[in-house]
Amino acid sequence: MKKILLLLAGFVLSGQVLAESARNPEDPWEGVNRKIFAFNEKFDQYALTPVAKGYKAITPDPVERGVSRMFANVGEVVNILNDVLQGKFKQAGNDTGRLVVNTTVGLVGFFDVADDFGLPKNEGEDFGQTMGYWGVDSGPYVVIPLFGPMTVRDAPGRVVDRLVNPIAQIDHVPTRNQIYGVEITSLRADLFEAEKFVRGDRYSFIRDAYLQRRKFLTSDGQVEDDFGDYNDF
């Protein structure tokens, strides 16, 4: 009996070791993150998704795209600040030009006419990327209630970007909150197409996609894997 118990204990210990080794090192808080993720999914299911679907149902596609472009245009202010903080002055000039042209000729960004002026849209910069540019490690993956996936580095960066965004400077609180509401609804509606590509375990898929995307943006596309730099091919 003693030998059997020792054998069973060995199997249990081996299973624990294997489980630990299989855990994603970038997601050490997976247990808690999954619970928060489940909460966010329920909130999305019962609050955000119905509103976004209603928005898409009553809003003509050209208007919907125009609204998305308007919020992207406002976001150029965040891009410009982080361009400068990263020493990307040429890109800062391009993004400043886009902001000016689209705000004026493009009717506050409803139309993206800057492209026709030789000012292409960039991937975008944020304070999380800026901290990464200056050597701050991304830290563990974390899911924030109502805000979704981030890393320990990106979370405070998100706060800085939100404070810099011109919408945050609107003094009239009800108006500011209404604009935030439209922005969230527009962003949620834009995600419907992307969700069609989610496969397998939803939590793992979204986590891995988020982390890969952040690495790509922070490194300006210079992503390496076990086979070397993609840019070598």
# chains A, B, ... in the order shown; residues from 1 in each chain; ligands from 1
call {"tool": "residues_around", "arguments": {"residues": "segment 167-184 of chain A", "least_positions_apart": "4", "cutoff": "9 Å", "atoms": "only C-alpha atoms", "output": "PyMOL selection string"}}
result
chain A and resi 48+52+67-68+71+74+162-163+188-189
call {"tool": "atom_distance", "arguments": {"atom1": "atom CA of Asp208 of chain A", "atom2": "atom CA of Lys56 of chain A"}}
result
28.2 Å
call {"tool": "atom_distance", "arguments": {"atom1": "atom CA of Thr218 of chain A", "atom2": "atom CA of Ala155 of chain A"}}
result
14.6 Å
call {"tool": "residues_around", "arguments": {"residues": "Asp161 of chain A", "least_positions_apart": "3", "cutoff": "10 Å", "atoms": "only C-alpha atoms", "output": "list in words"}}
result
Gly75, Val77, Val78, Asn79, Leu81, Asn82, Glu125, Asp126, Phe127, Gly128, Pro156, Gly157, Arg158, Val164, Asn165, Pro166 and Ala168 of chain A
call {"tool": "atom_distance", "arguments": {"atom1": "atom CA of Ile144 of chain A", "atom2": "atom CA of Asp220 of chain A"}}
result
25.5 Å
call {"tool": "residues_around", "arguments": {"residues": "Thr49 of chain A", "least_positions_apart": "4", "cutoff": "10 Å", "atoms": "only C-alpha atoms", "output": "JSON, numbers by chain"}}
result
{"A": [41, 42, 43, 44, 45, 53, 54, 55, 185, 188, 189, 192]}
call {"tool": "residues_around", "arguments": {"residues": "segment 86-91 of chain A", "least_positions_apart": "5", "cutoff": "9 Å", "atoms": "only C-alpha atoms", "output": "ChimeraX atom specification"}}
result
/A:80-81,96,122,129-131,133-134
call {"tool": "write_last_selection", "arguments": {"atoms": "all heavy atoms", "output": "PDB file, in the first residue's frame"}}
result
ATOM      1  N   ILE A  80       0.868  61.941 -32.140  1.00  0.00           N
ATOM      2  CA  ILE A  80       1.892  62.979 -32.315  1.00  0.00           C
ATOM      3  C   ILE A  80       2.748  63.109 -31.064  1.00  0.00           C
ATOM      4  O   ILE A  80       3.984  63.171 -31.137  1.00  0.00           O
ATOM      5  CB  ILE A  80       1.226  64.328 -32.661  1.00  0.00           C
ATOM      6  CG1 ILE A  80       0.546  64.242 -34.030  1.00  0.00           C
ATOM      7  CG2 ILE A  80       2.247  65.458 -32.644  1.00  0.00           C
ATOM      8  CD1 ILE A  80      -0.428  65.378 -34.303  1.00  0.00           C
ATOM      9  N   LEU A  81       2.103  63.149 -29.894  1.00  0.00           N
ATOM     10  CA  LEU A  81       2.861  63.267 -28.644  1.00  0.00           C
ATOM     11  C   LEU A  81       3.840  62.114 -28.485  1.00  0.00           C
ATOM     12  O   LEU A  81       5.015  62.318 -28.169  1.00  0.00           O
ATOM     13  CB  LEU A  81       1.901  63.302 -27.451  1.00  0.00           C
ATOM     14  CG  LEU A  81       2.573  63.237 -26.072  1.00  0.00           C
ATOM     15  CD1 LEU A  81       3.437  64.472 -25.836  1.00  0.00           C
ATOM     16  CD2 LEU A  81       1.539  63.089 -24.964  1.00  0.00           C
ATOM     17  N   THR A  96       0.967  65.139 -37.779  1.00  0.00           N
ATOM     18  CA  THR A  96       0.473  66.502 -37.589  1.00  0.00           C
ATOM     19  C   THR A  96      -0.225  66.990 -38.855  1.00  0.00           C
ATOM     20  O   THR A  96      -1.298  67.613 -38.793  1.00  0.00           O
ATOM     21  CB  THR A  96       1.618  67.456 -37.219  1.00  0.00           C
ATOM     22  OG1 THR A  96       2.254  67.013 -36.019  1.00  0.00           O
ATOM     23  CG2 THR A  96       1.110  68.872 -37.033  1.00  0.00           C
ATOM     24  N   ASN A 122      -0.377  55.964 -40.177  1.00  0.00           N
ATOM     25  CA  ASN A 122       0.575  55.053 -39.557  1.00  0.00           C
ATOM     26  C   ASN A 122      -0.146  54.064 -38.641  1.00  0.00           C
ATOM     27  O   ASN A 122      -1.343  54.188 -38.397  1.00  0.00           O
ATOM     28  CB  ASN A 122       1.611  55.843 -38.753  1.00  0.00           C
ATOM     29  CG  ASN A 122       2.506  56.695 -39.645  1.00  0.00           C
ATOM     30  OD1 ASN A 122       3.126  56.182 -40.566  1.00  0.00           O
ATOM     31  ND2 ASN A 122       2.550  57.992 -39.389  1.00  0.00           N
ATOM     32  N   GLN A 129       3.781  52.002 -25.874  1.00  0.00           N
ATOM     33  CA  GLN A 129       4.851  51.803 -26.846  1.00  0.00           C
ATOM     34  C   GLN A 129       6.038  52.711 -26.543  1.00  0.00           C
ATOM     35  O   GLN A 129       7.194  52.321 -26.724  1.00  0.00           O
ATOM     36  CB  GLN A 129       4.333  52.091 -28.261  1.00  0.00           C
ATOM     37  CG  GLN A 129       3.334  51.068 -28.777  1.00  0.00           C
ATOM     38  CD  GLN A 129       2.670  51.530 -30.065  1.00  0.00           C
ATOM     39  OE1 GLN A 129       1.464  51.747 -30.114  1.00  0.00           O
ATOM     40  NE2 GLN A 129       3.435  51.686 -31.111  1.00  0.00           N
ATOM     41  N   THR A 130       5.740  53.925 -26.100  1.00  0.00           N
ATOM     42  CA  THR A 130       6.820  54.859 -25.762  1.00  0.00           C
ATOM     43  C   THR A 130       7.669  54.314 -24.620  1.00  0.00           C
ATOM     44  O   THR A 130       8.903  54.360 -24.669  1.00  0.00           O
ATOM     45  CB  THR A 130       6.239  56.234 -25.382  1.00  0.00           C
ATOM     46  OG1 THR A 130       5.578  56.795 -26.526  1.00  0.00           O
ATOM     47  CG2 THR A 130       7.330  57.183 -24.926  1.00  0.00           C
ATOM     48  N   MET A 131       7.025  53.778 -23.590  1.00  0.00           N
ATOM     49  CA  MET A 131       7.784  53.185 -22.483  1.00  0.00           C
ATOM     50  C   MET A 131       8.592  51.989 -22.970  1.00  0.00           C
ATOM     51  O   MET A 131       9.734  51.783 -22.544  1.00  0.00           O
ATOM     52  CB  MET A 131       6.826  52.778 -21.352  1.00  0.00           C
ATOM     53  CG  MET A 131       6.257  53.957 -20.585  1.00  0.00           C
ATOM     54  SD  MET A 131       5.364  53.464 -19.074  1.00  0.00           S
ATOM     55  CE  MET A 131       3.848  52.822 -19.795  1.00  0.00           C
ATOM     56  N   TYR A 133       9.772  51.657 -25.981  1.00  0.00           N
ATOM     57  CA  TYR A 133      10.862  52.239 -26.776  1.00  0.00           C
ATOM     58  C   TYR A 133      12.047  52.608 -25.885  1.00  0.00           C
ATOM     59  O   TYR A 133      13.207  52.438 -26.274  1.00  0.00           O
ATOM     60  CB  TYR A 133      10.337  53.480 -27.507  1.00  0.00           C
ATOM     61  CG  TYR A 133      11.378  54.212 -28.313  1.00  0.00           C
ATOM     62  CD1 TYR A 133      11.668  53.829 -29.623  1.00  0.00           C
ATOM     63  CD2 TYR A 133      12.073  55.297 -27.773  1.00  0.00           C
ATOM     64  CE1 TYR A 133      12.634  54.513 -30.368  1.00  0.00           C
ATOM     65  CE2 TYR A 133      13.030  55.979 -28.506  1.00  0.00           C
ATOM     66  CZ  TYR A 133      13.306  55.583 -29.805  1.00  0.00           C
ATOM     67  OH  TYR A 133      14.258  56.257 -30.541  1.00  0.00           O
ATOM     68  N   TRP A 134      11.745  53.085 -24.677  1.00  0.00           N
ATOM     69  CA  TRP A 134      12.801  53.496 -23.753  1.00  0.00           C
ATOM     70  C   TRP A 134      13.225  52.380 -22.806  1.00  0.00           C
ATOM     71  O   TRP A 134      13.888  52.612 -21.801  1.00  0.00           O
ATOM     72  CB  TRP A 134      12.368  54.735 -22.969  1.00  0.00           C
ATOM     73  CG  TRP A 134      12.286  55.949 -23.852  1.00  0.00           C
ATOM     74  CD1 TRP A 134      11.163  56.585 -24.298  1.00  0.00           C
ATOM     75  CD2 TRP A 134      13.396  56.666 -24.403  1.00  0.00           C
ATOM     76  NE1 TRP A 134      11.497  57.640 -25.103  1.00  0.00           N
ATOM     77  CE2 TRP A 134      12.864  57.717 -25.188  1.00  0.00           C
ATOM     78  CE3 TRP A 134      14.785  56.520 -24.326  1.00  0.00           C
ATOM     79  CZ2 TRP A 134      13.672  58.623 -25.885  1.00  0.00           C
ATOM     80  CZ3 TRP A 134      15.590  57.418 -25.027  1.00  0.00           C
ATOM     81  CH2 TRP A 134      15.036  58.448 -25.786  1.00  0.00           C
TER      82      TRP A 134
END
call {"tool": "closest_residue", "arguments": {"among": "A:Thr103, A:Asn24, A:Ser204, A:Ser219", "to": "Asn73 of chain A", "atoms": "only C-alpha atoms"}}
result
A:Thr103
call {"tool": "select_by_dssp", "arguments": {"residues": "segment 67-162 of chain A", "states": "strand (DSSP E or B)", "output": "compact mmCIF listing (two decimals) with C-alpha atoms, in the first residue's frame"}}
result
# COMPACT_ATOMS: atom_id res chain seq x y z
CA TYR A 141 -0.39 40.09 -19.16
CA VAL A 142 -3.37 41.33 -17.19
CA VAL A 143 -7.10 41.63 -17.84
CA ILE A 144 -8.69 44.76 -16.35
CA GLY A 148 -9.97 44.21 -21.23
CA PRO A 149 -6.49 42.92 -22.10
CA MET A 150 -3.36 44.88 -21.26
CA THR A 151 0.08 44.39 -19.81
call {"tool": "residues_around", "arguments": {"residues": "Glu195 of chain A", "least_positions_apart": "5", "cutoff": "12 Å", "atoms": "only C-alpha atoms", "output": "PyMOL selection string"}}
result
chain A and resi 188-190+202+205-206+209
call {"tool": "write_last_selection", "arguments": {"atoms": "N, CA and C atoms", "output": "compact mmCIF listing (two decimals), in the first residue's frame"}}
result
# COMPACT_ATOMS: atom_id res chain seq x y z
N ARG A 188 -16.74 49.06 -30.50
CA ARG A 188 -17.30 47.71 -30.35
C ARG A 188 -17.88 47.23 -31.66
N ALA A 189 -18.54 48.11 -32.39
CA ALA A 189 -19.11 47.74 -33.68
C ALA A 189 -18.02 47.36 -34.68
N ASP A 190 -16.88 48.03 -34.60
CA ASP A 190 -15.77 47.73 -35.50
C ASP A 190 -15.17 46.34 -35.26
N ARG A 202 -11.27 31.03 -26.47
CA ARG A 202 -11.38 32.47 -26.74
C ARG A 202 -10.39 33.28 -25.90
N PHE A 205 -6.82 32.80 -27.32
CA PHE A 205 -6.70 33.40 -28.65
C PHE A 205 -6.53 34.91 -28.52
N ILE A 206 -7.39 35.54 -27.72
CA ILE A 206 -7.34 37.00 -27.57
C ILE A 206 -6.05 37.41 -26.87
N ALA A 209 -3.12 36.99 -29.39
CA ALA A 209 -3.23 37.99 -30.45
C ALA A 209 -2.83 39.36 -29.92
call {"tool": "select_by_dssp", "arguments": {"residues": "segment 12-116 of chain A", "states": "helix (DSSP H, G or I)", "output": "MDAnalysis selection string"}}
result
chainID A and resid 12:22 30:58 61:74 76:85 89:104 114:116
call {"tool": "residues_around", "arguments": {"residues": "Met70 of chain A", "least_positions_apart": "6", "cutoff": "8 Å", "atoms": "only C-alpha atoms", "output": "ChimeraX atom specification"}}
result
/A:108-111
